[in-house]
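Engineer: Sharing final02.txt (compact mmCIF, N, CA and C atoms) below.
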# COMPACT_ATOMS: atom_id res chain seq x y z
N MET A 1 7.14 1.79 9.16
CA MET A 1 6.55 1.82 7.83
C MET A 1 6.75 0.49 7.11
N ILE A 2 5.72 0.08 6.43
CA ILE A 2 5.81 -1.14 5.65
C ILE A 2 6.45 -0.87 4.30
N ILE A 3 6.12 0.27 3.72
CA ILE A 3 6.62 0.62 2.40
C ILE A 3 7.20 2.03 2.43
N THR A 4 8.23 2.24 1.67
CA THR A 4 8.89 3.55 1.66
C THR A 4 8.45 4.38 0.46
N LEU A 5 8.72 5.65 0.54
CA LEU A 5 8.43 6.55 -0.57
C LEU A 5 9.16 6.09 -1.82
N GLN A 6 10.41 5.70 -1.68
CA GLN A 6 11.19 5.26 -2.84
C GLN A 6 10.59 4.01 -3.47
N GLU A 7 10.12 3.09 -2.65
CA GLU A 7 9.52 1.86 -3.19
C GLU A 7 8.26 2.17 -4.00
N ILE A 8 7.42 3.07 -3.48
CA ILE A 8 6.19 3.38 -4.21
C ILE A 8 6.50 4.18 -5.47
N LYS A 9 7.50 5.05 -5.43
CA LYS A 9 7.86 5.82 -6.62
C LYS A 9 8.41 4.90 -7.70
N GLU A 10 9.19 3.91 -7.32
CA GLU A 10 9.72 2.96 -8.29
C GLU A 10 8.59 2.11 -8.88
N TYR A 11 7.69 1.65 -8.03
CA TYR A 11 6.58 0.82 -8.49
C TYR A 11 5.67 1.60 -9.45
N ALA A 12 5.33 2.82 -9.07
CA ALA A 12 4.40 3.63 -9.87
C ALA A 12 5.11 4.41 -10.98
N ARG A 13 6.42 4.27 -11.04
CA ARG A 13 7.23 4.97 -12.06
C ARG A 13 7.02 6.48 -12.00
N ILE A 14 7.14 6.99 -10.80
CA ILE A 14 7.02 8.43 -10.57
C ILE A 14 8.43 8.98 -10.37
N ASP A 15 8.84 9.88 -11.26
CA ASP A 15 10.21 10.37 -11.17
C ASP A 15 10.30 11.87 -10.86
N ILE A 16 9.20 12.42 -10.36
CA ILE A 16 9.21 13.83 -9.96
C ILE A 16 9.16 13.91 -8.44
N GLU A 17 9.63 15.02 -7.91
CA GLU A 17 9.62 15.21 -6.46
C GLU A 17 8.45 16.07 -5.99
N GLU A 18 7.75 16.71 -6.93
CA GLU A 18 6.67 17.62 -6.57
C GLU A 18 5.54 16.93 -5.82
N ASP A 19 5.34 15.64 -6.04
CA ASP A 19 4.25 14.91 -5.40
C ASP A 19 4.70 14.08 -4.20
N ASP A 20 5.93 14.27 -3.74
CA ASP A 20 6.43 13.47 -2.62
C ASP A 20 5.57 13.63 -1.36
N GLN A 21 5.15 14.85 -1.07
CA GLN A 21 4.33 15.08 0.12
C GLN A 21 2.98 14.37 -0.03
N LEU A 22 2.39 14.45 -1.20
CA LEU A 22 1.13 13.75 -1.46
C LEU A 22 1.33 12.25 -1.30
N LEU A 23 2.39 11.72 -1.88
CA LEU A 23 2.66 10.29 -1.79
C LEU A 23 2.89 9.85 -0.34
N GLN A 24 3.60 10.67 0.43
CA GLN A 24 3.81 10.34 1.85
C GLN A 24 2.47 10.24 2.59
N GLY A 25 1.57 11.18 2.29
CA GLY A 25 0.24 11.13 2.90
C GLY A 25 -0.53 9.89 2.48
N LEU A 26 -0.42 9.53 1.20
CA LEU A 26 -1.10 8.33 0.71
C LEU A 26 -0.52 7.07 1.35
N ILE A 27 0.79 7.05 1.55
CA ILE A 27 1.43 5.90 2.21
C ILE A 27 0.90 5.75 3.64
N LEU A 28 0.86 6.84 4.38
CA LEU A 28 0.36 6.79 5.76
C LEU A 28 -1.10 6.34 5.80
N ALA A 29 -1.92 6.89 4.90
CA ALA A 29 -3.34 6.52 4.86
C ALA A 29 -3.51 5.05 4.47
N ALA A 30 -2.75 4.58 3.49
CA ALA A 30 -2.86 3.19 3.04
C ALA A 30 -2.43 2.22 4.12
N GLU A 31 -1.37 2.55 4.84
CA GLU A 31 -0.91 1.67 5.92
C GLU A 31 -1.93 1.65 7.06
N GLU A 32 -2.53 2.78 7.34
CA GLU A 32 -3.57 2.83 8.38
C GLU A 32 -4.79 2.02 7.93
N TYR A 33 -5.14 2.14 6.66
CA TYR A 33 -6.25 1.36 6.11
C TYR A 33 -5.97 -0.13 6.25
N LEU A 34 -4.74 -0.54 5.92
CA LEU A 34 -4.36 -1.95 6.03
C LEU A 34 -4.48 -2.44 7.48
N LYS A 35 -4.01 -1.66 8.41
CA LYS A 35 -4.11 -2.04 9.83
C LYS A 35 -5.56 -2.16 10.27
N ASN A 36 -6.38 -1.20 9.87
CA ASN A 36 -7.79 -1.24 10.26
C ASN A 36 -8.52 -2.40 9.60
N ALA A 37 -8.21 -2.66 8.34
CA ALA A 37 -8.92 -3.72 7.61
C ALA A 37 -8.53 -5.12 8.08
N THR A 38 -7.27 -5.29 8.49
CA THR A 38 -6.83 -6.62 8.92
C THR A 38 -6.92 -6.81 10.43
N GLY A 39 -6.97 -5.70 11.16
CA GLY A 39 -6.97 -5.78 12.62
C GLY A 39 -5.61 -6.19 13.17
N LYS A 40 -4.57 -6.01 12.36
CA LYS A 40 -3.23 -6.43 12.76
C LYS A 40 -2.28 -5.24 12.86
N GLU A 41 -1.26 -5.42 13.65
CA GLU A 41 -0.17 -4.45 13.71
C GLU A 41 0.96 -4.99 12.85
N TYR A 42 1.79 -4.13 12.37
CA TYR A 42 2.90 -4.52 11.51
C TYR A 42 4.21 -3.96 12.07
N PRO A 43 4.74 -4.65 13.09
CA PRO A 43 6.00 -4.17 13.69
C PRO A 43 7.16 -4.31 12.70
N GLU A 44 8.15 -3.47 12.88
CA GLU A 44 9.31 -3.50 12.00
C GLU A 44 10.15 -4.75 12.22
N ASN A 45 10.23 -5.20 13.48
CA ASN A 45 11.07 -6.36 13.83
C ASN A 45 10.24 -7.41 14.57
N ASP A 46 10.68 -8.67 14.46
CA ASP A 46 10.02 -9.73 15.21
C ASP A 46 10.56 -9.75 16.64
N ASN A 47 10.12 -10.73 17.43
CA ASN A 47 10.52 -10.80 18.84
C ASN A 47 12.02 -11.01 19.03
N ASP A 48 12.69 -11.56 18.01
CA ASP A 48 14.13 -11.78 18.08
C ASP A 48 14.93 -10.60 17.54
N GLY A 49 14.23 -9.54 17.12
CA GLY A 49 14.92 -8.37 16.60
C GLY A 49 15.22 -8.42 15.11
N ASN A 50 14.72 -9.46 14.44
CA ASN A 50 14.94 -9.57 12.99
C ASN A 50 13.92 -8.74 12.23
N LYS A 51 14.38 -8.08 11.17
CA LYS A 51 13.49 -7.28 10.34
C LYS A 51 12.48 -8.19 9.65
N ILE A 52 11.22 -7.79 9.67
CA ILE A 52 10.15 -8.56 9.06
C ILE A 52 9.91 -8.04 7.65
N ASP A 53 9.83 -8.96 6.69
CA ASP A 53 9.50 -8.60 5.32
C ASP A 53 8.01 -8.80 5.11
N TYR A 54 7.35 -7.78 4.63
CA TYR A 54 5.92 -7.83 4.37
C TYR A 54 5.69 -7.78 2.86
N ASP A 55 6.07 -8.84 2.17
CA ASP A 55 6.01 -8.84 0.71
C ASP A 55 4.58 -8.72 0.17
N LEU A 56 3.67 -9.52 0.67
CA LEU A 56 2.29 -9.46 0.20
C LEU A 56 1.64 -8.13 0.57
N GLU A 57 1.93 -7.67 1.75
CA GLU A 57 1.40 -6.37 2.19
C GLU A 57 1.92 -5.25 1.30
N LYS A 58 3.18 -5.33 0.92
CA LYS A 58 3.75 -4.30 0.03
C LYS A 58 3.06 -4.28 -1.32
N ILE A 59 2.75 -5.45 -1.86
CA ILE A 59 2.04 -5.51 -3.14
C ILE A 59 0.69 -4.83 -3.00
N TYR A 60 -0.03 -5.16 -1.94
CA TYR A 60 -1.33 -4.54 -1.71
C TYR A 60 -1.19 -3.03 -1.61
N LEU A 61 -0.24 -2.57 -0.82
CA LEU A 61 -0.05 -1.14 -0.65
C LEU A 61 0.36 -0.46 -1.94
N GLN A 62 1.20 -1.09 -2.72
CA GLN A 62 1.60 -0.51 -4.00
C GLN A 62 0.40 -0.35 -4.92
N LEU A 63 -0.44 -1.36 -4.98
CA LEU A 63 -1.65 -1.28 -5.81
C LEU A 63 -2.59 -0.18 -5.32
N LEU A 64 -2.81 -0.14 -4.02
CA LEU A 64 -3.74 0.83 -3.45
C LEU A 64 -3.23 2.25 -3.61
N ILE A 65 -1.99 2.48 -3.26
CA ILE A 65 -1.42 3.83 -3.34
C ILE A 65 -1.36 4.30 -4.79
N SER A 66 -0.95 3.44 -5.69
CA SER A 66 -0.90 3.81 -7.10
C SER A 66 -2.29 4.15 -7.62
N TYR A 67 -3.27 3.36 -7.20
CA TYR A 67 -4.64 3.62 -7.63
C TYR A 67 -5.11 4.97 -7.10
N TRP A 68 -4.90 5.22 -5.83
CA TRP A 68 -5.30 6.51 -5.25
C TRP A 68 -4.58 7.66 -5.94
N TYR A 69 -3.32 7.48 -6.23
CA TYR A 69 -2.52 8.54 -6.87
C TYR A 69 -3.05 8.86 -8.27
N GLU A 70 -3.37 7.84 -9.02
CA GLU A 70 -3.82 8.03 -10.40
C GLU A 70 -5.28 8.44 -10.50
N ASN A 71 -6.08 8.18 -9.48
CA ASN A 71 -7.52 8.46 -9.50
C ASN A 71 -7.88 9.40 -8.36
N ARG A 72 -7.53 10.65 -8.52
CA ARG A 72 -7.73 11.63 -7.45
C ARG A 72 -9.02 12.42 -7.59
N ALA A 73 -9.97 11.92 -8.35
CA ALA A 73 -11.25 12.61 -8.48
C ALA A 73 -12.01 12.52 -7.15
N PRO A 74 -12.80 13.54 -6.82
CA PRO A 74 -13.52 13.52 -5.54
C PRO A 74 -14.57 12.42 -5.44
N ALA A 75 -15.08 11.96 -6.56
CA ALA A 75 -16.08 10.89 -6.55
C ALA A 75 -15.94 10.10 -7.83
N GLY A 76 -16.38 8.88 -7.78
CA GLY A 76 -16.31 8.08 -8.99
C GLY A 76 -16.42 6.61 -8.68
N ARG A 77 -16.32 5.83 -9.72
CA ARG A 77 -16.44 4.39 -9.60
C ARG A 77 -15.07 3.75 -9.47
N THR A 78 -14.97 2.75 -8.66
CA THR A 78 -13.76 1.96 -8.58
C THR A 78 -13.84 0.88 -9.64
N GLY A 79 -12.76 0.68 -10.36
CA GLY A 79 -12.74 -0.32 -11.42
C GLY A 79 -13.00 -1.72 -10.88
N GLU A 80 -13.75 -2.51 -11.63
CA GLU A 80 -14.10 -3.86 -11.20
C GLU A 80 -12.85 -4.72 -11.01
N ASP A 81 -11.90 -4.61 -11.93
CA ASP A 81 -10.66 -5.38 -11.80
C ASP A 81 -9.91 -5.00 -10.54
N PHE A 82 -9.87 -3.73 -10.25
CA PHE A 82 -9.17 -3.27 -9.04
C PHE A 82 -9.87 -3.84 -7.80
N ASN A 83 -11.16 -3.78 -7.76
CA ASN A 83 -11.90 -4.31 -6.61
C ASN A 83 -11.64 -5.79 -6.40
N HIS A 84 -11.76 -6.58 -7.44
CA HIS A 84 -11.58 -8.03 -7.32
C HIS A 84 -10.17 -8.37 -6.86
N MET A 85 -9.20 -7.74 -7.47
CA MET A 85 -7.80 -8.03 -7.15
C MET A 85 -7.48 -7.65 -5.70
N THR A 86 -7.87 -6.45 -5.29
CA THR A 86 -7.53 -6.01 -3.95
C THR A 86 -8.35 -6.73 -2.89
N GLN A 87 -9.58 -7.11 -3.21
CA GLN A 87 -10.38 -7.88 -2.24
C GLN A 87 -9.76 -9.24 -1.99
N SER A 88 -9.25 -9.84 -3.04
CA SER A 88 -8.59 -11.14 -2.90
C SER A 88 -7.32 -11.01 -2.05
N LEU A 89 -6.53 -9.99 -2.32
CA LEU A 89 -5.32 -9.77 -1.52
C LEU A 89 -5.67 -9.49 -0.06
N MET A 90 -6.70 -8.65 0.17
CA MET A 90 -7.08 -8.31 1.54
C MET A 90 -7.53 -9.56 2.29
N LEU A 91 -8.27 -10.42 1.65
CA LEU A 91 -8.70 -11.66 2.30
C LEU A 91 -7.49 -12.48 2.73
N GLN A 92 -6.49 -12.57 1.86
CA GLN A 92 -5.28 -13.31 2.20
C GLN A 92 -4.55 -12.67 3.37
N LEU A 93 -4.50 -11.35 3.38
CA LEU A 93 -3.82 -10.65 4.48
C LEU A 93 -4.58 -10.81 5.79
N GLN A 94 -5.91 -10.81 5.73
CA GLN A 94 -6.69 -10.99 6.95
C GLN A 94 -6.52 -12.38 7.53
N LEU A 95 -6.33 -13.36 6.67
CA LEU A 95 -6.20 -14.74 7.12
C LEU A 95 -4.76 -15.13 7.44
N LYS A 96 -3.84 -14.29 7.12
CA LYS A 96 -2.41 -14.56 7.30
C LYS A 96 -2.06 -14.66 8.77
Would you encode the structure as structure tokens?
Structural biologist:
Amino acid sequence: MIITLQEIKEYARIDIEEDDQLLQGLILAAEEYLKNATGKEYPENDNDGNKIDYDLEKIYLQLLISYWYENRAPAGRTGEDFNHMTQSLMLQLQLK
């Protein structure tokens, strides 16, 4: 996992446990989305066994998961600011 439940709860300021299962599902979906969109794998450790920090990826995931969590309507428009910001981050991650 790139991001933990605790990290997303702290970022989104969620202090209830009732939505933990929902958040876990959103984390899995967001990480899968990131892998599919970048075409990259995100191993926990590098070839030398050192833990890899995915700081930019975590920011992207925090934004995406928080957005999905707050906007759970079955259909609707994505905010223009959200699109521009996340598209810029995704481009950086794809080129990384």
Engineer: Can you pull out the residues contacting Thr38 (chain A)? Cut-off 8 Å, using only N, CA and C atoms, and skip same-chain residues under 2 positions away; I want them as a list of chain:residue names.
Structural biologist: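 Final neighbour list, sorted by chain and number: A:Glu32, A:Tyr33, A:Leu34, A:Lys35, A:Asn36, A:Lys40, A:Glu41, A:Met90, A:Leu93, A:Gln94, A:Leu95.
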Engineer: Would you work out the distance separating CA of Glu17 (chain A) from atom C of Glu57 (chain A), expressed in Å to one decimal?
Structural biologist: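 Computing the Euclidean distance for CA of Glu17 (chain A) and atom C of Glu57 (chain A) yields 23.2 Å.
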Engineer: Could you give me the residues within region 24-85 of chain A that DSSP places in helix (DSSP H, G or I), as a PyMOL selection string?
Structural biologist: chain A and resi 24-38+55-70+80-85
Engineer: Of the candidates A:Glu10, A:Leu64, A:Glu44, A:Leu5, which one gets nearest to Leu23 (chain A) if we count all atoms listed in the file?
Structural biologist: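 Closest to Leu23 (chain A) of all the choices is A:Leu5.
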Engineer: What gap, in Å, lies between atom C of Tyr42 (chain A) and CA of Tyr60 (chain A)?
Structural biologist: 14.9 Å
Engineer: For a cutoff of 7 Å around the file-coordinate point (0.1, 10.3, -7.9), which residues qualify once you count only C-alpha atoms? I'd like the result as a PyMOL selection string.
Structural biologist: chain A and resi 19+23+66+69-70
Engineer: Can you list, as an MDAnalysis selection string, every protein, DNA or RNA residue that comes within 8 Å of Leu56 (chain A) when you count only N, CA and C atoms, leaving out same-chain residues fewer than 5 positions away?
Structural biologist: chainID A and resid 61:62 89 93
Engineer: Could you work out how far CA of His84 (chain A) lies from CA of Ile52 (chain A), giving the answer in Å with one decimal?
Structural biologist: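 So the answer is 27.2 Å.
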Engineer: Measuring between only C-alpha atoms, which one of A:Trp68, A:Gly49, A:Gln24, A:Ala37 shows the shortest distance to Gln87 (chain A)?
Structural biologist: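 Closest to Gln87 (chain A) of all the choices is A:Ala37.
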